[in-house]
file query_37.tsv (TSV, C-alpha atoms)
chain	number	residue	atom	x	y	z
A	1	MET	CA	-15.14	-11.22	-2.55
A	2	ASP	CA	-13.45	-11.66	-5.92
A	3	TYR	CA	-11.67	-8.44	-6.93
A	4	SER	CA	-9.85	-9.97	-9.93
A	5	ASP	CA	-11.54	-7.92	-12.65
A	6	ARG	CA	-11.07	-4.64	-10.80
A	7	VAL	CA	-7.43	-5.42	-9.99
A	8	ALA	CA	-6.88	-6.25	-13.67
A	9	LYS	CA	-8.13	-2.78	-14.61
A	10	ALA	CA	-5.81	-1.15	-12.06
A	11	VAL	CA	-2.84	-3.15	-13.36
A	12	SER	CA	-3.65	-2.23	-16.96
A	13	PHE	CA	-3.98	1.43	-15.98
A	14	PHE	CA	-0.57	1.30	-14.28
A	15	TRP	CA	1.22	0.10	-17.39
A	16	LYS	CA	-0.68	2.43	-19.72
A	17	VAL	CA	0.19	5.49	-17.64
A	18	ARG	CA	3.84	4.45	-17.38
A	19	THR	CA	4.02	4.03	-21.14
A	20	GLU	CA	2.34	7.37	-21.82
A	21	GLN	CA	4.52	9.24	-19.31
A	22	HIS	CA	7.67	7.77	-20.81
A	23	LYS	CA	6.61	8.99	-24.25
A	24	LYS	CA	5.47	12.45	-23.14
A	25	GLN	CA	8.24	13.26	-20.67
A	26	GLY	CA	10.74	15.59	-22.22
A	27	THR	CA	8.49	16.86	-25.03
A	28	THR	CA	8.59	20.34	-23.47
A	29	THR	CA	12.22	20.48	-22.38
A	30	GLY	CA	13.59	18.24	-25.09
A	31	ARG	CA	15.20	16.03	-22.44
A	32	LYS	CA	14.18	12.68	-21.05
A	33	ASP	CA	15.06	11.27	-17.64
A	34	ALA	CA	17.55	8.45	-17.70
A	35	GLY	CA	16.30	4.88	-17.79
A	36	ASN	CA	12.78	4.29	-16.52
A	37	ARG	CA	12.69	7.42	-14.37
A	38	SER	CA	10.71	9.24	-17.06
A	39	ALA	CA	7.89	6.75	-16.55
A	40	VAL	CA	7.52	7.49	-12.85
A	41	THR	CA	8.35	11.16	-12.37
A	42	GLY	CA	4.89	12.05	-13.68
A	43	GLY	CA	3.20	10.11	-10.88
A	44	LYS	CA	-0.41	8.88	-10.97
A	45	HIS	CA	0.52	5.43	-12.29
A	46	LEU	CA	-0.95	3.72	-9.21
A	47	ASP	CA	-4.16	5.77	-9.17
A	48	GLY	CA	-6.10	2.74	-10.36
A	49	PHE	CA	-5.42	1.06	-7.03
A	50	VAL	CA	-6.27	4.25	-5.13
A	51	ARG	CA	-9.65	4.36	-6.89
A	52	LEU	CA	-10.23	0.67	-6.29
A	53	LEU	CA	-9.68	0.96	-2.53
A	54	ARG	CA	-11.90	4.03	-2.46
A	55	GLU	CA	-14.63	1.83	-3.93
A	56	VAL	CA	-13.96	-0.84	-1.30
A	57	LEU	CA	-14.32	1.73	1.50
A	58	LEU	CA	-17.50	3.21	0.03
A	59	GLU	CA	-18.99	-0.27	-0.29
A	60	ALA	CA	-18.15	-0.80	3.38
A	61	GLY	CA	-20.39	2.13	4.27
A	62	LEU	CA	-17.95	4.98	4.81
A	63	PRO	CA	-18.78	8.47	3.50
A	64	ASN	CA	-16.88	9.65	0.43
A	65	ALA	CA	-15.73	12.78	2.26
A	66	ALA	CA	-13.79	10.60	4.73
A	67	ILE	CA	-11.57	9.06	2.03
A	68	HIS	CA	-8.64	11.28	1.09
A	69	SER	CA	-6.21	10.83	-1.81
A	70	ARG	CA	-5.07	14.46	-2.10
A	71	THR	CA	-4.92	15.85	1.42
A	72	THR	CA	-3.01	12.92	2.87
A	73	THR	CA	-0.44	14.54	5.17
A	74	LEU	CA	-0.23	13.01	8.63
A	75	PRO	CA	1.99	13.94	11.60
A	76	GLY	CA	4.99	11.79	12.34
A	77	TYR	CA	7.12	11.29	15.43
A	78	PHE	CA	10.63	11.19	13.99
A	79	ARG	CA	9.76	13.84	11.37
A	80	PRO	CA	7.09	16.55	11.28
A	81	ALA	CA	4.82	14.94	8.70
A	82	LYS	CA	4.53	12.48	5.82
A	83	ASN	CA	2.27	12.32	2.76
A	84	TRP	CA	0.54	8.95	2.48
A	85	ASP	CA	-1.25	7.76	-0.67
A	86	LEU	CA	-4.67	7.13	0.86
A	87	VAL	CA	-5.90	8.32	4.24
A	88	VAL	CA	-9.26	7.68	5.88
A	89	VAL	CA	-10.37	10.19	8.52
A	90	VAL	CA	-13.99	10.02	9.69
A	91	ASP	CA	-15.56	11.73	12.71
A	92	GLY	CA	-12.11	12.96	13.71
A	93	VAL	CA	-10.81	9.39	13.79
A	94	LEU	CA	-7.81	8.23	11.76
A	95	LEU	CA	-9.25	4.98	10.50
A	96	ALA	CA	-6.66	3.91	7.91
A	97	SER	CA	-3.51	4.94	6.08
A	98	ILE	CA	-2.19	3.16	2.99
A	99	GLU	CA	0.91	3.30	0.79
A	100	PHE	CA	1.04	2.09	-2.83
A	101	LYS	CA	4.43	1.27	-4.34
A	102	ALA	CA	5.74	-0.08	-7.63
A	103	HIS	CA	9.13	-1.53	-8.48
A	104	VAL	CA	10.05	-1.80	-12.15
A	105	GLY	CA	13.48	-2.70	-13.50
A	106	PRO	CA	16.13	-2.65	-14.66
A	107	SER	CA	17.51	-1.78	-11.21
A	108	PHE	CA	16.20	-4.11	-8.52
A	109	GLY	CA	19.02	-4.35	-5.97
A	110	ASN	CA	19.43	-0.84	-4.57
A	111	ASN	CA	15.79	0.04	-5.16
A	112	PHE	CA	14.69	-3.04	-3.22
A	113	ASN	CA	16.59	-1.84	-0.16
A	114	ASN	CA	15.12	1.65	-0.54
A	115	ARG	CA	11.56	0.29	-0.66
A	116	ILE	CA	12.17	-1.84	2.43
A	117	GLU	CA	13.66	1.01	4.45
A	118	GLU	CA	10.90	3.40	3.43
A	119	ALA	CA	8.09	1.01	4.36
A	120	LEU	CA	9.65	0.25	7.75
A	121	GLY	CA	10.27	3.91	8.50
A	122	ASN	CA	6.77	5.01	7.54
A	123	SER	CA	5.11	2.46	9.82
A	124	ILE	CA	7.37	3.05	12.82
A	125	ASP	CA	7.01	6.82	12.46
A	126	LEU	CA	3.21	6.77	12.35
A	127	LEU	CA	2.72	4.10	15.00
A	128	THR	CA	5.05	5.91	17.38
A	129	ALA	CA	3.10	9.12	16.83
A	130	TYR	CA	-0.06	7.13	17.59
A	131	ARG	CA	1.49	5.72	20.76
A	132	GLU	CA	2.28	9.25	21.88
A	133	GLY	CA	-1.37	10.24	21.49
A	134	LYS	CA	-1.09	12.34	18.35
A	135	PHE	CA	-4.26	10.92	16.77
A	136	LYS	CA	-6.61	10.89	19.77
A	137	PRO	CA	-9.40	9.80	19.99
A	138	SER	CA	-8.39	7.31	17.29
A	139	GLN	CA	-7.61	3.75	18.21
A	140	ARG	CA	-4.76	2.10	16.32
A	141	PRO	CA	-5.30	2.88	12.62
A	142	TRP	CA	-5.31	0.20	9.94
A	143	LEU	CA	-2.04	0.42	8.01
A	144	GLY	CA	-1.64	-1.01	4.52
A	145	TRP	CA	1.26	-1.47	2.09
A	146	LEU	CA	0.78	-2.59	-1.51
A	147	MET	CA	3.59	-3.43	-3.93
A	148	LEU	CA	3.31	-3.98	-7.67
A	149	LEU	CA	6.54	-5.64	-8.81
A	150	GLU	CA	7.60	-6.08	-12.41
A	151	ASP	CA	7.62	-9.77	-13.29
A	152	ALA	CA	10.98	-10.00	-15.03
A	153	PRO	CA	13.95	-12.40	-15.07
A	154	ALA	CA	15.94	-9.96	-12.92
A	155	SER	CA	13.22	-9.89	-10.24
A	156	THR	CA	12.30	-13.59	-10.23
A	157	SER	CA	15.75	-15.22	-10.55
A	158	PRO	CA	17.88	-16.03	-7.49
A	159	VAL	CA	20.49	-13.45	-6.54
A	160	ARG	CA	23.46	-13.80	-4.24
A	161	VAL	CA	23.93	-12.07	-0.92
A	162	ASP	CA	27.15	-10.70	0.56
A	163	GLU	CA	28.24	-12.27	3.85
A	164	PRO	CA	31.68	-10.77	4.62
A	165	HIS	CA	31.35	-11.07	8.41
A	166	PHE	CA	28.16	-12.93	9.36
A	167	GLU	CA	25.76	-15.23	7.58
A	168	VAL	CA	22.38	-13.86	6.55
A	169	PHE	CA	19.23	-15.67	7.63
A	170	SER	CA	19.01	-18.90	5.66
A	171	GLU	CA	15.65	-18.05	4.11
A	172	TYR	CA	17.28	-15.22	2.14
A	173	LYS	CA	19.90	-17.43	0.51
A	174	GLY	CA	19.27	-18.25	-3.13
A	175	THR	CA	16.14	-16.12	-3.28
A	176	SER	CA	14.88	-13.69	-5.89
A	177	TYR	CA	13.76	-10.14	-5.20
A	178	ALA	CA	10.18	-11.33	-5.68
A	179	LYS	CA	10.65	-13.91	-2.93
A	180	ARG	CA	12.29	-11.32	-0.68
A	181	TYR	CA	9.31	-9.02	-1.11
A	182	GLU	CA	7.09	-11.94	-0.14
A	183	LEU	CA	9.15	-12.54	3.01
A	184	PHE	CA	9.01	-8.82	3.73
A	185	CYS	CA	5.22	-8.78	3.50
A	186	GLU	CA	5.06	-11.73	5.87
A	187	ARG	CA	7.33	-10.13	8.44
A	188	LEU	CA	5.56	-6.78	8.29
A	189	MET	CA	2.39	-8.62	9.26
A	190	ARG	CA	3.98	-10.86	11.89
A	191	GLU	CA	5.56	-7.85	13.58
A	192	ARG	CA	2.26	-5.95	13.34
A	193	LEU	CA	3.93	-3.07	11.55
A	194	TYR	CA	1.13	-3.21	8.97
A	195	ASP	CA	-2.35	-4.69	9.14
A	196	GLY	CA	-2.47	-5.58	5.47
A	197	THR	CA	0.20	-6.19	2.83
A	198	CYS	CA	-0.24	-7.02	-0.83
A	199	LEU	CA	2.23	-8.25	-3.46
A	200	ILE	CA	1.28	-8.27	-7.15
A	201	LEU	CA	3.54	-9.30	-10.02
A	202	SER	CA	3.02	-8.15	-13.60
A	203	ASN	CA	5.04	-7.40	-16.72
A	204	LYS	CA	4.37	-4.72	-19.29
A	205	ALA	CA	3.29	-6.96	-22.18
A	206	GLU	CA	0.76	-8.92	-20.15
A	207	GLY	CA	0.00	-6.11	-17.72
A	208	LEU	CA	-1.36	-3.88	-20.47
A	209	LYS	CA	-3.96	-6.62	-20.94
A	210	GLY	CA	-4.69	-6.57	-17.21
A	211	ARG	CA	-2.88	-9.81	-16.44
A	212	PHE	CA	-1.06	-10.30	-13.14
A	213	THR	CA	-0.09	-12.95	-10.63
A	214	GLU	CA	-0.14	-13.11	-6.84
A	215	PRO	CA	2.65	-15.37	-5.51
A	216	ASN	CA	1.09	-15.85	-2.07
A	217	PRO	CA	-2.66	-15.86	-1.30
A	218	GLU	CA	-1.91	-14.50	2.17
A	219	PHE	CA	-0.80	-11.28	0.49
A	220	SER	CA	-3.30	-11.20	-2.35
A	221	PHE	CA	-5.36	-8.11	-3.08
A	222	SER	CA	-8.51	-9.96	-2.01
A	223	THR	CA	-7.03	-10.71	1.44
A	224	PHE	CA	-5.74	-7.15	1.71
A	225	ALA	CA	-9.06	-5.54	0.73
A	226	THR	CA	-11.15	-7.92	2.83
A	227	SER	CA	-9.20	-7.00	5.96
A	228	LEU	CA	-9.58	-3.28	5.27
A	229	SER	CA	-13.25	-3.68	4.41
A	230	ALA	CA	-14.00	-5.59	7.63
A	231	TYR	CA	-12.34	-2.83	9.64
A	232	ALA	CA	-14.31	-0.14	7.82
A	233	ILE	CA	-17.61	-2.04	8.09
A	234	ALA	CA	-17.19	-2.36	11.87
A	235	TYR	CA	-16.76	1.39	12.18
A	236	ALA	CA	-19.59	2.16	9.75
A	237	LYS	CA	-22.01	-0.01	11.77
A	238	MET	CA	-21.16	1.77	15.00
A	239	ARG	CA	-21.42	5.10	13.20
A	240	ARG	CA	-24.97	4.32	12.03
A	241	LYS	CA	-26.01	3.40	15.58
A	242	TRP	CA	-24.52	6.66	16.77
A	243	HIS	CA	-26.51	8.69	14.25
A	244	VAL	CA	-29.81	6.99	15.12
A	245	GLY	CA	-29.20	7.49	18.84
A	246	GLN	CA	-28.63	3.83	19.75
A	247	LEU	CA	-25.06	4.51	20.82
A	248	LYS	CA	-23.61	7.59	22.49
A	249	ALA	CA	-20.88	9.30	20.51
A	250	PRO	CA	-18.06	8.76	23.07
A	251	LEU	CA	-18.75	5.02	22.99
A	252	LEU	CA	-18.36	4.93	19.25
A	253	HIS	CA	-14.60	5.18	19.42
A	254	ARG	CA	-14.39	2.55	22.14
A	255	TYR	CA	-16.37	-0.19	20.41
A	256	ALA	CA	-15.97	0.47	16.70
A	257	PHE	CA	-12.90	-1.72	16.39
A	258	SER	CA	-14.16	-4.90	18.04
A	259	CYS	CA	-13.44	-6.86	14.84
A	260	ARG	CA	-9.67	-6.54	15.24
call {"tool": "encode", "arguments": {"input": "query_37.tsv", "output": "structure tokens"}}
result
Amino acid sequence: MDYSDRVAKAVSFFWKVRTEQHKKQGTTTGRKDAGNRSAVTGGKHLDGFVRLLREVLLEAGLPNAAIHSRTTTLPGYFRPAKNWDLVVVVDGVLLASIEFKAHVGPSFGNNFNNRIEEALGNSIDLLTAYREGKFKPSQRPWLGWLMLLEDAPASTSPVRVDEPHFEVFSEYKGTSYAKRYELFCERLMRERLYDGTCLILSNKAEGLKGRFTEPNPEFSFSTFATSLSAYAIAYAKMRRKWHVGQLKAPLLHRYAFSCR
């Protein structure tokens, strides 16, 4: 399915909210956060993507009540709990959990490392809790990670790496932060830490018009949403059979994920 128009709206919403928050922040206190922080401390700038994936899940046949964007706290293993951005819980089954992230300059170096560490930690924490039976009777939930990266010279130009004692992997040499995010998405998938990853590039001037690019079709929004939709459709089909008496409820959890 082509999601281009709907992704364009989500991208435009992102930049509009950032711009508005930057203008409004500090009108009450008389102070503004340093740099671009004022554009993100208000939150909600990625809600366009949250709404879009809610639509994808509803179109797959899941009930609206199963899709949570406010009550999104899930238990962890290395910490008590974590708030995700979108959680799908239906019939007592944790079906999916998704994080939405944005990275806008001018600081790309330190913030890049923070995003990487956070994404790794969130996946390992939740999957370990799953392994220990915390989400029974759920089978392995679908995990997703989406990144909207500012398309700027500082994010798309090669940057050096420090190698004081050992060489880094060759694929990181002479790469931009955009390329490193692409490699990160690939490795998250190869290591099965996430079931879907998405990388979108956009700058403010073009993004306000809904324009964006996707550097790798493997990590496009369409690929991301199609994977999630297929997973949700498989469960929704089994759920319908359960409700019409063609499948006993205990079997639902066993066979709902045959598409994976």
call {"tool": "atom_distance", "arguments": {"input": "query_37.tsv", "atom1": "atom CA of Asn114 of chain A", "atom2": "atom CA of Phe13 of chain A"}}
result
24.6 Å
call {"tool": "atom_distance", "arguments": {"input": "query_37.tsv", "atom1": "atom CA of Ser229 of chain A", "atom2": "atom CA of Gly61 of chain A"}}
result
9.2 Å
call {"tool": "closest_residue", "arguments": {"input": "query_37.tsv", "among": "A:Phe166, A:Val104, A:Asn113, A:Gly121", "to": "Ala154 of chain A", "atoms": "only C-alpha atoms"}}
result
A:Val104
call {"tool": "residues_around", "arguments": {"input": "query_37.tsv", "residues": "Ile116 of chain A", "least_positions_apart": "5", "cutoff": "12 Å", "atoms": "all atoms listed in the file", "output": "PyMOL selection string"}}
result
chain A and resi 101+103+108-111+121-123+145+147+177+180-185+187-188
call {"tool": "write_last_selection", "arguments": {"input": "query_37.tsv", "atoms": "C-alpha atoms", "output": "short mmCIF file (atom, residue, chain, number, x, y, z; two decimals), in the frame of the given file"}}
result
data_model
loop_
_atom_site.label_atom_id
_atom_site.label_comp_id
_atom_site.auth_asym_id
_atom_site.auth_seq_id
_atom_site.Cartn_x
_atom_site.Cartn_y
_atom_site.Cartn_z
CA LYS A 101 4.43 1.27 -4.34
CA HIS A 103 9.13 -1.53 -8.48
CA PHE A 108 16.20 -4.11 -8.52
CA GLY A 109 19.02 -4.35 -5.97
CA ASN A 110 19.43 -0.84 -4.57
CA ASN A 111 15.79 0.04 -5.16
CA GLY A 121 10.27 3.91 8.50
CA ASN A 122 6.77 5.01 7.54
CA SER A 123 5.11 2.46 9.82
CA TRP A 145 1.26 -1.47 2.09
CA MET A 147 3.59 -3.43 -3.93
CA TYR A 177 13.76 -10.14 -5.20
CA ARG A 180 12.29 -11.32 -0.68
CA TYR A 181 9.31 -9.02 -1.11
CA GLU A 182 7.09 -11.94 -0.14
CA LEU A 183 9.15 -12.54 3.01
CA PHE A 184 9.01 -8.82 3.73
CA CYS A 185 5.22 -8.78 3.50
CA ARG A 187 7.33 -10.13 8.44
CA LEU A 188 5.56 -6.78 8.29
#
call {"tool": "residues_near_point", "arguments": {"input": "query_37.tsv", "point": "(15.4, -11.3, -5.8)", "cutoff": "10 Å", "atoms": "all atoms listed in the file", "output": "ChimeraX atom specification"}}
result
/A:108-109,112,153-161,172-181
call {"tool": "write_last_selection", "arguments": {"input": "query_37.tsv", "atoms": "C-alpha atoms", "output": "PDB file, in the coordinates of the input"}}
result
ATOM      1  CA  PHE A 108      16.200  -4.110  -8.520  1.00  0.00           C
ATOM      2  CA  GLY A 109      19.020  -4.350  -5.970  1.00  0.00           C
ATOM      3  CA  PHE A 112      14.690  -3.040  -3.220  1.00  0.00           C
ATOM      4  CA  PRO A 153      13.950 -12.400 -15.070  1.00  0.00           C
ATOM      5  CA  ALA A 154      15.940  -9.960 -12.920  1.00  0.00           C
ATOM      6  CA  SER A 155      13.220  -9.890 -10.240  1.00  0.00           C
ATOM      7  CA  THR A 156      12.300 -13.590 -10.230  1.00  0.00           C
ATOM      8  CA  SER A 157      15.750 -15.220 -10.550  1.00  0.00           C
ATOM      9  CA  PRO A 158      17.880 -16.030  -7.490  1.00  0.00           C
ATOM     10  CA  VAL A 159      20.490 -13.450  -6.540  1.00  0.00           C
ATOM     11  CA  ARG A 160      23.460 -13.800  -4.240  1.00  0.00           C
ATOM     12  CA  VAL A 161      23.930 -12.070  -0.920  1.00  0.00           C
ATOM     13  CA  TYR A 172      17.280 -15.220   2.140  1.00  0.00           C
ATOM     14  CA  LYS A 173      19.900 -17.430   0.510  1.00  0.00           C
ATOM     15  CA  GLY A 174      19.270 -18.250  -3.130  1.00  0.00           C
ATOM     16  CA  THR A 175      16.140 -16.120  -3.280  1.00  0.00           C
ATOM     17  CA  SER A 176      14.880 -13.690  -5.890  1.00  0.00           C
ATOM     18  CA  TYR A 177      13.760 -10.140  -5.200  1.00  0.00           C
ATOM     19  CA  ALA A 178      10.180 -11.330  -5.680  1.00  0.00           C
ATOM     20  CA  LYS A 179      10.650 -13.910  -2.930  1.00  0.00           C
ATOM     21  CA  ARG A 180      12.290 -11.320  -0.680  1.00  0.00           C
ATOM     22  CA  TYR A 181       9.310  -9.020  -1.110  1.00  0.00           C
TER      23      TYR A 181
END
call {"tool": "residues_around", "arguments": {"input": "query_37.tsv", "residues": "segment 66-72 of chain A", "least_positions_apart": "5", "cutoff": "8 Å", "atoms": "only C-alpha atoms", "output": "mmCIF file with C-alpha atoms, keeping the file's coordinate frame"}}
result
data_model
loop_
_atom_site.group_PDB
_atom_site.id
_atom_site.type_symbol
_atom_site.label_atom_id
_atom_site.label_comp_id
_atom_site.auth_asym_id
_atom_site.auth_seq_id
_atom_site.Cartn_x
_atom_site.Cartn_y
_atom_site.Cartn_z
ATOM 1 C CA VAL A 50 -6.270 4.250 -5.130
ATOM 2 C CA ARG A 54 -11.900 4.030 -2.460
ATOM 3 C CA LEU A 57 -14.320 1.730 1.500
ATOM 4 C CA ASN A 83 2.270 12.320 2.760
ATOM 5 C CA TRP A 84 0.540 8.950 2.480
ATOM 6 C CA ASP A 85 -1.250 7.760 -0.670
ATOM 7 C CA LEU A 86 -4.670 7.130 0.860
ATOM 8 C CA VAL A 87 -5.900 8.320 4.240
ATOM 9 C CA VAL A 88 -9.260 7.680 5.880
ATOM 10 C CA VAL A 89 -10.370 10.190 8.520
ATOM 11 C CA VAL A 90 -13.990 10.020 9.690
#
call {"tool": "atom_distance", "arguments": {"input": "query_37.tsv", "atom1": "atom CA of Lys16 of chain A", "atom2": "atom CA of Leu120 of chain A"}}
result
29.4 Å
call {"tool": "residues_around", "arguments": {"input": "query_37.tsv", "residues": "Glu59 of chain A", "least_positions_apart": "4", "cutoff": "12 Å", "atoms": "all atoms listed in the file", "output": "list in words"}}
result
Met1, Leu52, Leu53, Arg54, Glu55, Pro63, Asn64, Ala225, Thr226, Leu228, Ser229, Ala230, Ala232, Ile233 and Ala236 of chain A
call {"tool": "axis_aligned_box", "arguments": {"input": "query_37.tsv", "around": "segment 46-55 of chain A", "padding_each_side": "4 Å", "output": "JSON"}}
result
{"center_x": -7.8, "center_y": 3.2, "center_z": -6.4, "size_x": 21.7, "size_y": 13.1, "size_z": 15.9}
call {"tool": "closest_residue", "arguments": {"input": "query_37.tsv", "among": "A:Tyr235, A:Trp15, A:Tyr3, A:Tyr130", "to": "Leu208 of chain A", "atoms": "only C-alpha atoms"}}
result
A:Trp15
call {"tool": "residues_around", "arguments": {"input": "query_37.tsv", "residues": "Phe49 of chain A", "least_positions_apart": "3", "cutoff": "9 Å", "atoms": "all atoms listed in the file", "output": "PDB file with C-alpha atoms, in the frame of the given file"}}
result
ATOM      1  CA  ARG A   6     -11.070  -4.640 -10.800  1.00  0.00           C
ATOM      2  CA  VAL A   7      -7.430  -5.420  -9.990  1.00  0.00           C
ATOM      3  CA  LYS A   9      -8.130  -2.780 -14.610  1.00  0.00           C
ATOM      4  CA  ALA A  10      -5.810  -1.150 -12.060  1.00  0.00           C
ATOM      5  CA  VAL A  11      -2.840  -3.150 -13.360  1.00  0.00           C
ATOM      6  CA  PHE A  14      -0.570   1.300 -14.280  1.00  0.00           C
ATOM      7  CA  LEU A  46      -0.950   3.720  -9.210  1.00  0.00           C
ATOM      8  CA  LEU A  52     -10.230   0.670  -6.290  1.00  0.00           C
ATOM      9  CA  LEU A  53      -9.680   0.960  -2.530  1.00  0.00           C
ATOM     10  CA  ARG A  54     -11.900   4.030  -2.460  1.00  0.00           C
ATOM     11  CA  PHE A 100       1.040   2.090  -2.830  1.00  0.00           C
TER      12      PHE A 100
END
call {"tool": "closest_residue", "arguments": {"input": "query_37.tsv", "among": "A:Gln21, A:Ser138, A:Thr73, A:Thr128", "to": "Asp91 of chain A", "atoms": "only C-alpha atoms"}}
result
A:Ser138
